file structure.tsv (TSV, C-alpha atoms)
chain	number	residue	atom	x	y	z
A	1	VAL	CA	11.02	0.41	14.67
A	2	LYS	CA	7.91	-1.70	15.24
A	3	SER	CA	7.45	-3.00	18.78
A	4	THR	CA	7.72	-6.54	17.43
A	5	ASP	CA	11.34	-5.79	16.42
A	6	THR	CA	12.49	-3.83	19.49
A	7	GLU	CA	14.57	-6.55	21.12
A	8	THR	CA	16.24	-7.65	17.90
A	9	VAL	CA	17.11	-4.10	16.83
A	10	ALA	CA	18.48	-3.29	20.30
A	11	GLN	CA	20.80	-6.28	20.04
A	12	GLN	CA	21.88	-5.26	16.53
A	13	ILE	CA	22.78	-1.67	17.41
A	14	ALA	CA	24.47	-2.46	20.73
A	15	PRO	CA	28.02	-2.82	19.30
A	16	HIS	CA	27.73	0.51	17.50
A	17	LEU	CA	26.65	2.75	20.38
A	18	ALA	CA	28.89	5.05	22.40
A	19	GLN	CA	28.70	4.59	26.16
A	20	ASP	CA	27.07	8.00	26.56
A	21	ALA	CA	24.63	7.55	23.67
A	22	LEU	CA	21.03	8.60	24.27
A	23	LEU	CA	18.26	6.43	22.87
A	24	LEU	CA	14.80	7.79	22.08
A	25	SER	CA	12.01	5.24	21.74
A	26	LEU	CA	9.40	6.69	19.36
A	27	GLN	CA	7.15	3.63	19.40
A	28	ASN	CA	3.67	2.41	20.24
A	29	GLY	CA	3.22	0.40	23.42
A	30	VAL	CA	4.24	0.90	27.04
A	31	ASP	CA	7.08	-1.59	27.52
A	32	ASN	CA	9.62	-0.78	24.81
A	33	THR	CA	11.98	1.10	27.12
A	34	VAL	CA	12.05	-1.93	29.43
A	35	VAL	CA	12.86	-4.23	26.51
A	36	ILE	CA	15.58	-1.87	25.25
A	37	SER	CA	17.09	-1.42	28.72
A	38	ARG	CA	17.45	-5.19	29.11
A	39	GLN	CA	19.75	-5.19	26.07
A	40	LEU	CA	21.55	-1.85	26.43
A	41	HIS	CA	23.09	0.17	29.25
A	42	GLN	CA	22.57	3.63	27.75
A	43	THR	CA	19.86	6.07	28.82
A	44	VAL	CA	16.52	5.34	27.13
A	45	ILE	CA	13.88	8.06	26.85
A	46	PRO	CA	10.32	7.04	25.94
A	47	ALA	CA	8.42	9.28	23.54
A	48	VAL	CA	4.72	9.34	22.78
A	49	VAL	CA	4.19	10.06	19.08
A	50	TYR	CA	1.07	11.75	17.76
A	51	VAL	CA	1.29	11.87	13.98
A	52	ALA	CA	-0.84	10.63	11.10
A	53	THR	CA	1.11	9.29	8.14
A	54	ALA	CA	0.72	6.84	5.29
A	55	MET	CA	2.97	5.20	2.73
A	56	PRO	CA	1.00	5.11	-0.53
A	57	ALA	CA	4.01	3.85	-2.48
A	58	PRO	CA	7.55	2.64	-1.72
A	59	GLY	CA	9.69	5.59	-0.62
A	60	CYS	CA	6.67	7.91	-0.49
A	61	VAL	CA	5.33	9.08	2.89
A	62	THR	CA	2.37	11.42	3.28
A	63	HIS	CA	1.66	13.51	6.38
A	64	ASN	CA	-2.04	13.53	7.25
A	65	GLY	CA	-2.14	15.31	10.58
A	66	ARG	CA	-0.43	16.43	13.79
A	67	GLY	CA	3.25	15.73	14.41
A	68	ASP	CA	4.06	16.27	18.07
A	69	LEU	CA	5.89	14.34	20.77
A	70	VAL	CA	5.61	13.88	24.52
A	71	ILE	CA	8.75	12.79	26.36
A	72	GLY	CA	9.68	12.12	29.96
A	73	ALA	CA	11.93	10.15	32.27
A	74	ALA	CA	11.07	6.46	32.59
A	75	THR	CA	13.53	6.12	35.48
A	76	ALA	CA	15.25	8.54	37.84
A	77	GLU	CA	18.69	9.43	36.48
A	78	PRO	CA	21.18	12.24	37.19
A	79	ASP	CA	20.69	15.36	35.07
A	80	ILE	CA	17.68	13.84	33.31
A	81	GLU	CA	15.82	17.17	33.25
A	82	GLN	CA	18.68	18.81	31.35
A	83	THR	CA	18.70	15.87	28.93
A	84	LEU	CA	14.98	16.20	28.29
A	85	GLN	CA	15.25	19.95	27.72
A	86	ALA	CA	18.12	19.38	25.30
A	87	LEU	CA	15.85	17.07	23.31
A	88	VAL	CA	13.11	19.71	23.26
A	89	ASP	CA	15.59	22.29	21.97
A	90	PHE	CA	16.94	19.86	19.36
A	91	PHE	CA	13.50	19.10	17.92
A	92	ALA	CA	12.59	22.79	18.00
A	93	THR	CA	15.21	23.40	15.31
A	94	ALA	CA	13.11	21.15	13.06
A	95	GLN	CA	9.87	22.79	14.24
A	96	VAL	CA	8.66	19.59	15.91
A	97	PRO	CA	6.63	20.41	19.05
A	98	VAL	CA	7.79	18.43	22.09
A	99	ARG	CA	6.28	18.50	25.57
A	100	ILE	CA	7.99	17.19	28.70
A	101	SER	CA	5.63	15.22	30.92
A	102	PRO	CA	6.20	14.61	34.64
A	103	ASP	CA	4.39	11.27	34.25
A	104	VAL	CA	5.41	9.79	30.92
A	105	MET	CA	4.08	6.34	31.83
A	106	ALA	CA	0.57	7.76	32.08
A	107	GLU	CA	1.13	9.42	28.70
A	108	LEU	CA	2.25	6.11	27.18
A	109	TRP	CA	-0.80	4.34	28.59
A	110	SER	CA	-3.04	7.12	27.25
A	111	LYS	CA	-1.61	6.62	23.75
A	112	LEU	CA	-1.96	2.85	24.11
A	113	LEU	CA	-5.58	3.43	25.06
A	114	VAL	CA	-6.19	5.35	21.82
A	115	ASN	CA	-4.40	2.62	19.84
A	116	CYS	CA	-6.60	-0.03	21.44
A	117	ALA	CA	-9.71	1.97	20.51
A	118	TYR	CA	-8.77	2.41	16.85
A	119	ASN	CA	-6.05	0.18	15.48
A	120	ALA	CA	-7.74	-3.21	15.34
A	121	ILE	CA	-11.14	-1.85	14.27
A	122	SER	CA	-9.58	0.32	11.57
A	123	GLY	CA	-7.53	-2.65	10.43
A	124	LEU	CA	-10.42	-5.08	10.28
A	125	SER	CA	-12.71	-2.60	8.50
A	126	GLN	CA	-10.07	-0.69	6.49
A	127	MET	CA	-12.01	2.46	7.38
A	128	HIS	CA	-10.77	5.95	8.24
A	129	TYR	CA	-11.17	7.24	11.78
A	130	ALA	CA	-13.92	9.72	10.90
A	131	LYS	CA	-16.03	6.97	9.32
A	132	LEU	CA	-15.66	4.78	12.39
A	133	ALA	CA	-16.82	7.67	14.58
A	134	GLU	CA	-20.07	7.86	12.62
A	135	LEU	CA	-21.12	4.36	13.69
A	136	SER	CA	-22.72	4.18	17.14
A	137	SER	CA	-22.05	0.45	17.51
A	138	ILE	CA	-18.34	1.03	16.85
A	139	ARG	CA	-18.21	3.92	19.32
A	140	ASP	CA	-19.75	1.61	21.93
A	141	THR	CA	-17.12	-1.03	21.19
A	142	GLN	CA	-14.34	1.54	21.44
A	143	ARG	CA	-15.62	2.78	24.79
A	144	ALA	CA	-15.78	-0.76	26.11
A	145	ALA	CA	-12.19	-1.38	25.01
A	146	VAL	CA	-11.11	1.91	26.60
A	147	ARG	CA	-12.71	1.03	29.94
A	148	GLU	CA	-10.80	-2.24	29.95
A	149	VAL	CA	-7.52	-0.42	29.31
A	150	ILE	CA	-8.27	2.01	32.15
A	151	ALA	CA	-8.97	-0.93	34.49
A	152	VAL	CA	-5.76	-2.73	33.54
A	153	ALA	CA	-3.75	0.48	33.89
A	154	ALA	CA	-5.20	1.06	37.36
A	155	ALA	CA	-4.30	-2.48	38.41
A	156	ASP	CA	-0.79	-1.78	37.09
A	157	GLY	CA	-0.50	1.41	39.16
A	158	VAL	CA	-1.35	3.99	36.48
A	159	GLN	CA	-4.44	6.15	36.93
A	160	LEU	CA	-6.23	7.36	33.81
A	161	SER	CA	-9.28	9.63	33.71
A	162	GLU	CA	-12.22	7.99	31.93
A	163	GLN	CA	-13.61	11.34	30.81
A	164	GLN	CA	-10.28	12.56	29.44
A	165	SER	CA	-9.66	9.19	27.81
A	166	MET	CA	-12.99	9.22	26.00
A	167	GLU	CA	-12.38	12.81	24.90
A	168	ALA	CA	-8.96	11.81	23.53
A	169	VAL	CA	-10.54	9.01	21.50
A	170	ASP	CA	-13.19	11.38	20.11
A	171	HIS	CA	-10.56	14.01	19.31
A	172	ILE	CA	-8.52	11.62	17.16
A	173	ALA	CA	-11.48	11.15	14.82
A	174	VAL	CA	-11.45	14.92	14.23
A	175	ALA	CA	-7.70	15.66	14.26
A	176	MET	CA	-6.89	12.65	12.06
A	177	ALA	CA	-10.21	12.22	10.26
A	178	GLY	CA	-8.81	10.78	7.04
A	179	GLN	CA	-6.29	8.51	8.69
A	180	LYS	CA	-6.23	4.72	8.84
A	181	SER	CA	-4.34	3.08	11.68
A	182	SER	CA	-0.86	1.66	11.22
A	183	THR	CA	-2.46	-1.72	11.85
A	184	ALA	CA	-4.82	-1.13	8.91
A	185	GLN	CA	-1.90	-0.20	6.68
A	186	ASP	CA	0.04	-3.31	7.72
A	187	MET	CA	-2.97	-5.56	7.15
A	188	ALA	CA	-3.60	-4.07	3.71
A	189	ARG	CA	-0.03	-5.05	2.79
A	190	HIS	CA	-0.28	-8.49	4.46
A	191	LYS	CA	2.48	-7.52	6.88
A	192	PRO	CA	2.75	-8.46	10.57
A	193	THR	CA	1.05	-5.93	12.83
A	194	GLU	CA	1.86	-4.61	16.30
A	195	ILE	CA	-1.43	-5.93	17.67
A	196	ASP	CA	0.36	-8.18	20.20
A	197	HIS	CA	1.71	-5.00	21.79
A	198	LEU	CA	-1.63	-3.14	21.68
A	199	ASN	CA	-4.89	-5.00	22.39
A	200	GLY	CA	-2.84	-8.16	22.88
A	201	PHE	CA	-0.76	-6.50	25.59
A	202	ILE	CA	-3.93	-5.44	27.42
A	203	ALA	CA	-5.31	-8.98	27.17
A	204	ARG	CA	-2.10	-10.51	28.57
A	205	ARG	CA	-1.60	-7.90	31.29
A	206	GLY	CA	-5.25	-8.14	32.26
A	207	LEU	CA	-4.89	-11.90	32.66
A	208	GLU	CA	-1.79	-11.42	34.83
A	209	LEU	CA	-3.55	-8.84	37.01
A	210	GLY	CA	-6.93	-10.54	37.18
A	211	VAL	CA	-8.74	-7.89	35.11
A	212	PRO	CA	-11.26	-9.14	32.51
A	213	THR	CA	-10.61	-7.80	29.00
A	214	PRO	CA	-13.09	-9.56	26.68
A	215	VAL	CA	-13.30	-6.75	24.12
A	216	ASN	CA	-9.54	-6.35	23.76
A	217	GLN	CA	-9.11	-10.14	23.69
A	218	THR	CA	-11.64	-10.38	20.86
A	219	LEU	CA	-10.13	-7.53	18.83
A	220	HIS	CA	-6.68	-9.07	19.24
A	221	ALA	CA	-7.94	-12.52	18.22
A	222	LEU	CA	-9.71	-11.20	15.12
A	223	VAL	CA	-6.61	-9.38	13.85
A	224	LYS	CA	-4.48	-12.48	14.48
A	225	LEU	CA	-7.07	-14.54	12.59
A	226	VAL	CA	-6.75	-12.27	9.56
A	227	GLU	CA	-2.95	-12.36	9.80
A	228	SER	CA	-3.01	-16.17	9.85
A	229	GLY	CA	-4.83	-16.16	6.52
A	230	TYR	CA	-2.27	-14.08	4.66
A	231	ALA	CA	-1.09	-15.73	1.47
A	232	THR	CA	2.57	-16.71	1.35
A	233	GLY	CA	4.72	-13.69	0.59
A	234	PRO	CA	4.14	-9.97	1.11
A	235	GLY	CA	1.09	-8.13	-0.08
A	236	PRO	CA	1.15	-5.01	-2.25
A	237	CYS	CA	3.60	-2.26	-1.29

call {"tool": "encode", "arguments": {"input": "structure.tsv", "output": "structure tokens"}}
result
Amino acid sequence: VKSTDTETVAQQIAPHLAQDALLLSLQNGVDNTVVISRQLHQTVIPAVVYVATAMPAPGCVTHNGRGDLVIGAATAEPDIEQTLQALVDFFATAQVPVRISPDVMAELWSKLLVNCAYNAISGLSQMHYAKLAELSSIRDTQRAAVREVIAVAAADGVQLSEQQSMEAVDHIAVAMAGQKSSTAQDMARHKPTEIDHLNGFIARRGLELGVPTPVNQTLHALVKLVESGYATGPGPC
């Protein structure tokens, strides 16, 4: 479920959930569990997803790299550790690596940071990650965007290491060299992107917290500009 649809989908599934149902949010962004929890009373577990995929044709999904999850407790709840371990064991049966983090919010922000470094630029250029990494001007832009995310996170109470963050951005270009961002794939199909919940989120949160975010604001604005020029109707599948 795209972050743009979280609230609507939560409302739609509410009548069909058992009281003790467990919801796993495998989504980009840092605020989906909050949005879901406003609509539902069940336990919501955030998950950070690291996987490279593409949909070259309707009903056809290709796996281009990685495929692991990081989960953790967004709020303190009884028996939450047992619940998290049960999820790890469940995914192990499908050979999906899952790590439990004691600070899942920092993990979510770290993934958001990577998204802010790549998604808009990959979308605007329609280039793979490895190609972007070859361009020094793009690397400089990514680093500037990353520093803004770190500053906004700090103002929001989440501490991220600049060195580790930069290393994570560099690693993605190697681990997912041939991948284009989900934003790039959406833009190629003239579909709405999640950019409001990525660079756009940083721009809004920075404004609320008094942290300047000119790079993220610009990347967000450029993607929205392209979206506004889509012809009526969907693009190619």

call {"tool": "residues_around", "arguments": {"input": "structure.tsv", "residues": "region 134-143 of chain A", "least_positions_apart": "6", "cutoff": "8 Å", "atoms": "all atoms listed in the file", "output": "list in words"}}
result
Cys116, Ala117, Tyr118, Met166 and Val215 of chain A

call {"tool": "closest_residue", "arguments": {"input": "structure.tsv", "among": "A:Arg204, A:Cys60, A:Met55, A:Gly67", "to": "Ala94 (chain A)", "atoms": "all atoms listed in the file"}}
result
A:Gly67

call {"tool": "closest_residue", "arguments": {"input": "structure.tsv", "among": "A:His41, A:Arg147, A:His197, A:Arg99", "to": "Pro212 (chain A)", "atoms": "all atoms listed in the file"}}
result
A:Arg147

call {"tool": "residues_near_point", "arguments": {"input": "structure.tsv", "point": "(12.0, -1.0, 26.2)", "cutoff": "12 Å", "atoms": "all atoms listed in the file", "output": "ChimeraX atom specification"}}
result
/A:1-11,23-47,74-75,197

call {"tool": "atom_distance", "arguments": {"input": "structure.tsv", "atom1": "CA of Val174 (chain A)", "atom2": "CA of Leu108 (chain A)"}}
result
20.8 Å

call {"tool": "residues_around", "arguments": {"input": "structure.tsv", "residues": "Val70 (chain A)", "least_positions_apart": "5", "cutoff": "8 Å", "atoms": "all atoms listed in the file", "output": "list of chain:residue names"}}
result
A:Ala47, A:Val48, A:Val49, A:Val98, A:Arg99, A:Ile100, A:Ser101, A:Val104, A:Glu107

call {"tool": "build_atoms", "arguments": {"input": "structure.tsv", "residues": "region 185-220 of chain A", "atoms": "N, CA and C atoms", "output": "CSV table (one decimal), keeping the file's coordinate frame"}}
result
chain,number,residue,atom,x,y,z
A,185,GLN,N,-2.9,-0.3,7.8
A,185,GLN,CA,-1.9,-0.2,6.7
A,185,GLN,C,-1.1,-1.5,6.6
A,186,ASP,N,-0.7,-2.0,7.7
A,186,ASP,CA,0.0,-3.3,7.7
A,186,ASP,C,-0.8,-4.4,7.2
A,187,MET,N,-2.1,-4.5,7.6
A,187,MET,CA,-3.0,-5.6,7.2
A,187,MET,C,-3.2,-5.5,5.7
A,188,ALA,N,-3.4,-4.2,5.2
A,188,ALA,CA,-3.6,-4.1,3.7
A,188,ALA,C,-2.4,-4.6,2.9
A,189,ARG,N,-1.2,-4.6,3.5
A,189,ARG,CA,0.0,-5.0,2.8
A,189,ARG,C,0.3,-6.5,3.2
A,190,HIS,N,-0.5,-7.1,4.0
A,190,HIS,CA,-0.3,-8.5,4.5
A,190,HIS,C,1.0,-8.6,5.2
A,191,LYS,N,1.3,-7.6,6.1
A,191,LYS,CA,2.5,-7.5,6.9
A,191,LYS,C,2.1,-7.7,8.3
A,192,PRO,N,3.0,-8.3,9.1
A,192,PRO,CA,2.8,-8.5,10.6
A,192,PRO,C,2.4,-7.1,11.2
A,193,THR,N,1.5,-7.1,12.1
A,193,THR,CA,1.0,-5.9,12.8
A,193,THR,C,1.7,-5.9,14.2
A,194,GLU,N,1.4,-4.8,14.9
A,194,GLU,CA,1.9,-4.6,16.3
A,194,GLU,C,0.8,-5.0,17.3
A,195,ILE,N,-0.3,-5.7,16.8
A,195,ILE,CA,-1.4,-5.9,17.7
A,195,ILE,C,-1.1,-6.7,19.0
A,196,ASP,N,0.0,-7.5,19.0
A,196,ASP,CA,0.4,-8.2,20.2
A,196,ASP,C,0.8,-7.2,21.3
A,197,HIS,N,1.2,-6.0,20.8
A,197,HIS,CA,1.7,-5.0,21.8
A,197,HIS,C,0.6,-3.9,22.1
A,198,LEU,N,-0.5,-4.1,21.5
A,198,LEU,CA,-1.6,-3.1,21.7
A,198,LEU,C,-2.7,-3.9,22.4
A,199,ASN,N,-3.8,-4.3,21.7
A,199,ASN,CA,-4.9,-5.0,22.4
A,199,ASN,C,-4.4,-6.3,23.0
A,200,GLY,N,-3.4,-6.9,22.3
A,200,GLY,CA,-2.8,-8.2,22.9
A,200,GLY,C,-2.1,-7.9,24.2
A,201,PHE,N,-1.4,-6.8,24.3
A,201,PHE,CA,-0.8,-6.5,25.6
A,201,PHE,C,-1.8,-6.3,26.7
A,202,ILE,N,-2.9,-5.6,26.4
A,202,ILE,CA,-3.9,-5.4,27.4
A,202,ILE,C,-4.5,-6.8,27.8
A,203,ALA,N,-4.8,-7.7,26.9
A,203,ALA,CA,-5.3,-9.0,27.2
A,203,ALA,C,-4.4,-9.8,28.1
A,204,ARG,N,-3.1,-9.8,27.8
A,204,ARG,CA,-2.1,-10.5,28.6
A,204,ARG,C,-1.9,-9.9,29.9
A,205,ARG,N,-1.8,-8.6,30.0
A,205,ARG,CA,-1.6,-7.9,31.3
A,205,ARG,C,-2.9,-8.0,32.1
A,206,GLY,N,-4.0,-8.0,31.5
A,206,GLY,CA,-5.2,-8.1,32.3
A,206,GLY,C,-5.3,-9.5,32.9
A,207,LEU,N,-4.9,-10.5,32.1
A,207,LEU,CA,-4.9,-11.9,32.7
A,207,LEU,C,-3.9,-12.0,33.8
A,208,GLU,N,-2.8,-11.4,33.7
A,208,GLU,CA,-1.8,-11.4,34.8
A,208,GLU,C,-2.3,-10.7,36.1
A,209,LEU,N,-3.1,-9.7,35.9
A,209,LEU,CA,-3.6,-8.8,37.0
A,209,LEU,C,-5.0,-9.2,37.5
A,210,GLY,N,-5.6,-10.1,36.8
A,210,GLY,CA,-6.9,-10.5,37.2
A,210,GLY,C,-8.0,-9.6,36.7
A,211,VAL,N,-7.8,-8.9,35.6
A,211,VAL,CA,-8.7,-7.9,35.1
A,211,VAL,C,-9.3,-8.4,33.8
A,212,PRO,N,-10.6,-8.6,33.7
A,212,PRO,CA,-11.3,-9.1,32.5
A,212,PRO,C,-11.1,-8.2,31.4
A,213,THR,N,-10.8,-8.7,30.2
A,213,THR,CA,-10.6,-7.8,29.0
A,213,THR,C,-11.2,-8.5,27.8
A,214,PRO,N,-12.5,-8.8,27.8
A,214,PRO,CA,-13.1,-9.6,26.7
A,214,PRO,C,-13.1,-8.8,25.4
A,215,VAL,N,-13.3,-7.5,25.4
A,215,VAL,CA,-13.3,-6.8,24.1
A,215,VAL,C,-11.9,-6.7,23.5
A,216,ASN,N,-10.9,-6.4,24.3
A,216,ASN,CA,-9.5,-6.4,23.8
A,216,ASN,C,-9.1,-7.7,23.3
A,217,GLN,N,-9.5,-8.8,24.1
A,217,GLN,CA,-9.1,-10.1,23.7
A,217,GLN,C,-9.7,-10.5,22.3
A,218,THR,N,-11.0,-10.1,22.1
A,218,THR,CA,-11.6,-10.4,20.9
A,218,THR,C,-11.0,-9.6,19.7
A,219,LEU,N,-10.7,-8.3,19.9
A,219,LEU,CA,-10.1,-7.5,18.8
A,219,LEU,C,-8.8,-8.1,18.5
A,220,HIS,N,-8.0,-8.5,19.5
A,220,HIS,CA,-6.7,-9.1,19.2
A,220,HIS,C,-6.8,-10.4,18.5
